[in-house]
file my_file_37.cif (mmCIF, C-alpha atoms)
data_upload
loop_
_atom_site.group_PDB
_atom_site.id
_atom_site.type_symbol
_atom_site.label_atom_id
_atom_site.label_comp_id
_atom_site.auth_asym_id
_atom_site.auth_seq_id
_atom_site.Cartn_x
_atom_site.Cartn_y
_atom_site.Cartn_z
ATOM 1 C CA MET A 217 0.000 0.000 0.000
ATOM 2 C CA GLU A 218 1.348 3.399 -0.935
ATOM 3 C CA LEU A 219 0.610 6.167 1.571
ATOM 4 C CA GLY A 220 2.053 8.681 -0.892
ATOM 5 C CA GLU A 221 2.043 12.444 -0.908
ATOM 6 C CA GLU A 222 -1.529 12.981 -2.069
ATOM 7 C CA ILE A 223 -3.702 15.325 -0.030
ATOM 8 C CA VAL A 224 -5.400 12.693 2.118
ATOM 9 C CA LEU A 225 -5.382 12.876 5.897
ATOM 10 C CA ARG A 226 -7.288 9.611 6.382
ATOM 11 C CA PRO A 227 -6.070 7.083 3.766
ATOM 12 C CA ARG A 228 -8.504 4.352 2.680
ATOM 13 C CA PHE A 229 -8.139 1.058 0.852
ATOM 14 C CA LYS A 230 -10.351 -1.822 -0.349
ATOM 15 C CA TYR A 231 -9.727 -5.492 -1.045
ATOM 16 C CA ASP A 232 -11.827 -8.328 -2.326
ATOM 17 C CA LEU A 233 -11.155 -11.597 -0.513
ATOM 18 C CA ASN A 234 -12.093 -15.056 -1.732
ATOM 19 C CA VAL A 235 -13.309 -16.241 1.663
ATOM 20 C CA SER A 236 -16.461 -15.683 3.681
ATOM 21 C CA ALA A 237 -16.664 -12.742 6.073
ATOM 22 C CA GLU A 238 -16.815 -15.183 8.980
ATOM 23 C CA VAL A 239 -13.465 -16.732 8.025
ATOM 24 C CA ALA A 240 -11.820 -13.307 7.703
ATOM 25 C CA LEU A 241 -13.278 -12.153 11.038
ATOM 26 C CA ASN A 242 -12.125 -15.385 12.708
ATOM 27 C CA ALA A 243 -8.585 -14.689 11.488
ATOM 28 C CA PHE A 244 -8.591 -11.488 13.544
ATOM 29 C CA GLU A 245 -10.261 -13.223 16.508
ATOM 30 C CA LYS A 246 -7.374 -15.729 16.565
ATOM 31 C CA VAL A 247 -4.767 -12.975 16.954
ATOM 32 C CA LYS A 248 -6.734 -10.919 19.475
ATOM 33 C CA ASN A 249 -4.406 -11.895 22.320
ATOM 34 C CA ASN A 250 -1.180 -11.481 20.364
ATOM 35 C CA GLY A 251 0.599 -10.065 23.359
ATOM 36 C CA ASP A 252 2.269 -6.724 22.998
ATOM 37 C CA GLU A 253 2.297 -6.308 19.212
ATOM 38 C CA ILE A 254 -1.075 -4.796 18.168
ATOM 39 C CA VAL A 255 -4.358 -4.333 20.044
ATOM 40 C CA VAL A 256 -7.165 -6.044 18.103
ATOM 41 C CA THR A 257 -10.818 -5.260 18.855
ATOM 42 C CA CYS A 258 -13.617 -7.005 16.956
ATOM 43 C CA VAL A 259 -17.201 -5.702 16.977
ATOM 44 C CA GLU A 260 -19.640 -7.423 14.615
ATOM 45 C CA HIS A 261 -18.206 -6.851 11.102
ATOM 46 C CA HIS A 262 -15.654 -4.277 12.231
ATOM 47 C CA VAL A 263 -12.075 -4.798 13.353
ATOM 48 C CA PHE A 264 -10.033 -2.062 15.006
ATOM 49 C CA LEU A 265 -6.240 -2.347 15.048
ATOM 50 C CA LYS A 266 -4.356 -0.025 17.415
ATOM 51 C CA ILE A 267 -0.881 0.449 18.780
ATOM 52 C CA PRO A 268 -0.670 -0.624 22.470
ATOM 53 C CA LYS A 269 -1.238 2.256 24.928
ATOM 54 C CA HIS A 270 2.293 2.250 26.320
ATOM 55 C CA LYS A 271 3.733 2.647 22.785
ATOM 56 C CA GLN A 272 1.282 5.314 21.603
ATOM 57 C CA HIS A 273 1.976 8.989 21.125
ATOM 58 C CA PHE A 274 -0.467 11.816 20.386
ATOM 59 C CA TRP A 275 -0.353 11.136 16.628
ATOM 60 C CA SER A 276 -0.605 7.326 16.811
ATOM 61 C CA PRO A 277 -3.020 6.070 14.141
ATOM 62 C CA GLN A 278 -5.522 3.274 14.235
ATOM 63 C CA LEU A 279 -6.815 1.095 11.420
ATOM 64 C CA ASP A 280 -10.577 0.552 11.165
ATOM 65 C CA ILE A 281 -11.512 -2.430 9.001
ATOM 66 C CA GLU A 282 -15.019 -3.296 7.820
ATOM 67 C CA ILE A 283 -15.539 -6.829 6.495
ATOM 68 C CA THR A 284 -18.717 -7.448 4.489
ATOM 69 C CA GLU A 285 -19.731 -10.458 2.446
ATOM 70 C CA PHE A 286 -21.290 -9.490 -0.871
ATOM 71 C CA GLU A 287 -21.683 -12.990 -2.302
ATOM 72 C CA GLU A 288 -21.168 -16.545 -1.038
ATOM 73 C CA GLY A 289 -17.439 -16.896 -0.373
ATOM 74 C CA LYS A 290 -16.652 -13.363 -1.596
ATOM 75 C CA THR A 291 -15.860 -10.669 0.935
ATOM 76 C CA ASN A 292 -15.069 -6.975 0.708
ATOM 77 C CA LEU A 293 -12.541 -5.590 3.176
ATOM 78 C CA SER A 294 -12.521 -1.784 3.563
ATOM 79 C CA GLY A 295 -9.835 -0.128 5.647
ATOM 80 C CA LEU A 296 -9.548 3.414 6.960
ATOM 81 C CA PHE A 297 -6.506 4.845 8.715
ATOM 82 C CA GLY A 298 -7.131 7.677 11.084
ATOM 83 C CA PRO A 299 -6.090 9.233 14.332
ATOM 84 C CA LYS A 300 -7.566 8.158 17.629
ATOM 85 C CA PRO A 301 -11.224 9.267 17.848
ATOM 86 C CA ALA A 302 -10.425 11.853 20.542
ATOM 87 C CA VAL A 303 -7.752 13.480 18.349
ATOM 88 C CA TRP A 304 -10.038 13.447 15.286
ATOM 89 C CA THR A 305 -12.875 15.010 17.307
ATOM 90 C CA LEU A 306 -10.537 17.709 18.624
ATOM 91 C CA PHE A 307 -9.368 18.594 15.107
ATOM 92 C CA MET A 308 -12.924 18.689 13.746
ATOM 93 C CA PHE A 309 -14.007 20.893 16.676
ATOM 94 C CA LEU A 310 -11.110 23.278 16.002
ATOM 95 C CA HIS A 311 -11.901 23.383 12.262
ATOM 96 C CA PHE A 312 -15.561 24.094 13.039
ATOM 97 C CA GLY A 313 -14.551 26.840 15.483
ATOM 98 C CA VAL A 314 -12.232 28.493 12.967
ATOM 99 C CA ALA A 315 -14.897 28.337 10.228
ATOM 100 C CA SER A 316 -17.557 29.748 12.593
ATOM 101 C CA LEU A 317 -15.297 32.621 13.638
ATOM 102 C CA PHE A 318 -14.453 33.352 9.994
ATOM 103 C CA ILE A 319 -18.175 33.587 9.155
ATOM 104 C CA ALA A 320 -18.857 35.730 12.231
ATOM 105 C CA PHE A 321 -16.034 38.127 11.323
ATOM 106 C CA ALA A 322 -17.283 38.250 7.707
ATOM 107 C CA ILE A 323 -20.790 39.186 8.899
ATOM 108 C CA TRP A 324 -19.320 41.796 11.232
ATOM 109 C CA ALA A 325 -17.196 43.218 8.373
ATOM 110 C CA TYR A 326 -20.212 43.312 6.037
ATOM 111 C CA THR A 327 -22.309 45.056 8.701
ATOM 112 C CA ASN A 328 -19.622 47.674 9.300
ATOM 113 C CA ALA A 329 -19.154 48.173 5.549
ATOM 114 C CA SER A 330 -22.924 48.638 5.141
ATOM 115 C CA LEU A 331 -22.909 51.206 7.941
ATOM 116 C CA LYS A 332 -19.907 52.925 6.349
ATOM 117 C CA SER A 333 -17.818 52.226 9.465
ATOM 118 C CA PRO A 334 -14.196 51.049 9.416
ATOM 119 C CA TYR A 335 -13.915 47.280 8.946
ATOM 120 C CA SER A 336 -10.175 46.690 8.601
ATOM 121 C CA LEU A 337 -10.034 44.927 12.011
ATOM 122 C CA GLN A 338 -12.584 42.366 10.831
ATOM 123 C CA ILE A 339 -10.627 41.751 7.596
ATOM 124 C CA VAL A 340 -7.456 41.162 9.638
ATOM 125 C CA LEU A 341 -9.349 38.755 11.923
ATOM 126 C CA MET A 342 -10.694 36.891 8.865
ATOM 127 C CA ALA A 343 -7.139 36.592 7.513
ATOM 128 C CA LEU A 344 -6.022 35.223 10.884
ATOM 129 C CA MET A 345 -8.764 32.574 10.666
ATOM 130 C CA ILE A 346 -7.480 31.554 7.234
ATOM 131 C CA LEU A 347 -3.975 31.335 8.700
ATOM 132 C CA ALA A 348 -5.326 29.254 11.611
ATOM 133 C CA TRP A 349 -6.976 26.883 9.132
ATOM 134 C CA PHE A 350 -3.655 26.383 7.319
ATOM 135 C CA VAL A 351 -1.915 25.759 10.655
ATOM 136 C CA LEU A 352 -4.514 23.095 11.502
ATOM 137 C CA TYR A 353 -4.168 21.518 8.069
ATOM 138 C CA PHE A 354 -0.377 21.319 8.269
ATOM 139 C CA ALA A 355 -0.567 20.041 11.862
ATOM 140 C CA GLY A 356 -2.749 17.212 10.533
ATOM 141 C CA ARG A 357 -0.224 16.512 7.758
ATOM 142 C CA MET A 358 2.572 16.521 10.320
ATOM 143 C CA GLY A 359 0.587 14.081 12.447
ATOM 144 C CA LYS A 360 0.082 11.792 9.463
ATOM 145 C CA SER A 361 3.807 11.757 8.719
ATOM 146 C CA ALA A 362 4.627 11.197 12.410
ATOM 147 C CA GLY A 363 2.358 8.132 12.409
ATOM 148 C CA LYS A 364 3.386 6.798 8.981
ATOM 149 C CA LYS A 365 5.626 4.011 10.320
ATOM 150 C CA GLU A 366 2.867 2.916 12.680
ATOM 151 C CA MET A 367 0.365 2.966 9.785
ATOM 152 C CA GLU A 368 2.661 0.672 7.819
ATOM 153 C CA ARG A 369 3.042 -1.555 10.882
ATOM 154 C CA LEU A 370 -0.740 -1.846 11.286
ATOM 155 C CA TYR A 371 -1.148 -2.544 7.562
ATOM 156 C CA ARG A 372 1.537 -5.284 7.595
ATOM 157 C CA PHE A 373 -0.085 -6.839 10.685
ATOM 158 C CA MET A 374 -3.445 -6.921 8.873
ATOM 159 C CA GLN A 375 -1.882 -8.520 5.797
ATOM 160 C CA LYS A 376 0.020 -11.085 7.870
ATOM 161 C CA THR A 377 -3.112 -11.971 9.815
ATOM 162 C CA LEU A 378 -5.170 -12.482 6.677
ATOM 163 C CA THR A 379 -2.517 -14.571 4.904
ATOM 164 C CA ASN A 380 -1.579 -16.707 7.925
ATOM 165 C CA TYR A 381 -5.007 -17.500 9.366
ATOM 166 C CA TYR A 382 -7.276 -18.328 6.466
#
call {"tool": "encode", "arguments": {"input": "my_file_37.cif", "output": "structure tokens"}}
result
Amino acid sequence: MELGEEIVLRPRFKYDLNVSAEVALNAFEKVKNNGDEIVVTCVEHHVFLKIPKHKQHFWSPQLDIEITEFEEGKTNLSGLFGPKPAVWTLFMFLHFGVASLFIAFAIWAYTNASLKSPYSLQIVLMALMILAWFVLYFAGRMGKSAGKKEMERLYRFMQKTLTNYY
């Protein structure tokens, strides 16, 4: 899998497997207690692969896998890399806050312009919100690159599990 330089903060992939969903899910069930390597959590047709807590850092990724059977003996495996849910929620909250402030400052600037009052402060604040958005974007890119080796580790673990246990 190539994680590349494309503008994707949460890389995705899909595979078609020639086994039933139950067989693929059982492969992950068998490695659930693999010791210290990777934390495996299975919930219905979803598998979550994470780095153990004591080896995690703020940017540690997790791999969410959905396994669905679309025909007898044919299964679709969809994977999504992303940060821990708490980190993703924080970033979305910050993006929403920056966007909301940008809109509020734009309304304030429009109101002042309509009233023929000075509005340069509001324009500066809007520019700062754009700058804040870029900072958040590049922080996310930095986080992705900081977790790239762990993403590859999770991906290799998934591949090894699927090839060794079914």
call {"tool": "closest_residue", "arguments": {"input": "my_file_37.cif", "among": "A:Glu260, A:Ile254, A:Leu347, A:Tyr353", "to": "A:Gln272", "atoms": "only C-alpha atoms"}}
result
A:Ile254
call {"tool": "resolve_selection", "arguments": {"input": "my_file_37.cif", "expression": "the PyMOL selection byres ((chain A and resi 231) around 8)", "output": "list in words"}}
result
Phe229, Lys230, Asp232, Leu233, Asn292, Leu293 and Ser294 of chain A
call {"tool": "closest_residue", "arguments": {"input": "my_file_37.cif", "among": "A:Lys300, A:His261, A:Lys246, A:Arg372", "to": "A:Lys360", "atoms": "all atoms listed in the file"}}
result
A:Lys300
call {"tool": "residues_around", "arguments": {"input": "my_file_37.cif", "residues": "A:Ile281", "least_positions_apart": "6", "cutoff": "7 Å", "atoms": "all atoms listed in the file", "output": "MDAnalysis selection string"}}
result
chainID A and resid 262:264 293:296
call {"tool": "resolve_selection", "arguments": {"input": "my_file_37.cif", "expression": "the PyMOL selection byres ((chain A and resi 344-346) around 8)", "output": "VMD selection string"}}
result
chain A and resid 314 to 315 317 to 318 340 to 343 347 to 350
call {"tool": "atom_distance", "arguments": {"input": "my_file_37.cif", "atom1": "atom CA of A:Thr291", "atom2": "atom CA of A:Ala237"}}
result
5.6 Å
call {"tool": "closest_residue", "arguments": {"input": "my_file_37.cif", "among": "A:Ser276, A:Asn242, A:Asn249, A:Thr379", "to": "A:Ala362", "atoms": "only C-alpha atoms"}}
result
A:Ser276
call {"tool": "atom_distance", "arguments": {"input": "my_file_37.cif", "atom1": "atom CA of A:Ser336", "atom2": "atom CA of A:Ala320"}}
result
14.4 Å
